[in-house]
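*Asks:* My structure is below; once you've seen it, I'll send some questions.
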Amino acid sequence: MKAPKAMPTSPPSDLRGADMRGSEPPGEIDPRLLEVLVCPLTHTVLDYDRAAGELISRAARLAYPIRSGVPVMLPEEARALDAHEG
């Protein structure tokens with residue numbers, strides 16, 4: 001019977017030296033995430049509203065919040081856009 005493999009104790013090489021405590025202001029997001037995130041409902045690109053700390057899905061008419069640098073990509077947590085937005 002083989003012993004289970006140990007989990008790595010250090011972050012991946014591309015994250016070494018990064019501040020893992022969330023040094024970004026509350027509404028800030030890592031630019032690398034913006035390149036890969038899409039709306040979970042429509043699978044379309046998102047616009048980053050830095051001032052509001054939200055990711056905007058124009059297709060779904062939803063604004064997903066960013067909390068402590070982490071986008072909350074749950075439709076039930078998103079804010080519906082007003083008629084004049086987007």
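Numbering starts fresh at 1 for the residues of each chain in the structure tokens, the chains themselves are lettered A, B, ... in the order given, and ligands are numbered from 1 as they appear.
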Can you tell me which residues surround range 45-51 of chain A at a distance of at most 9 Å, considering only C-alpha atoms, apart from same-chain residues fewer than 3 positions away, and format the answer as an MDAnalysis selection string?
*Replies:* chainID A and resid 27:29 34:39 42 54:59 63
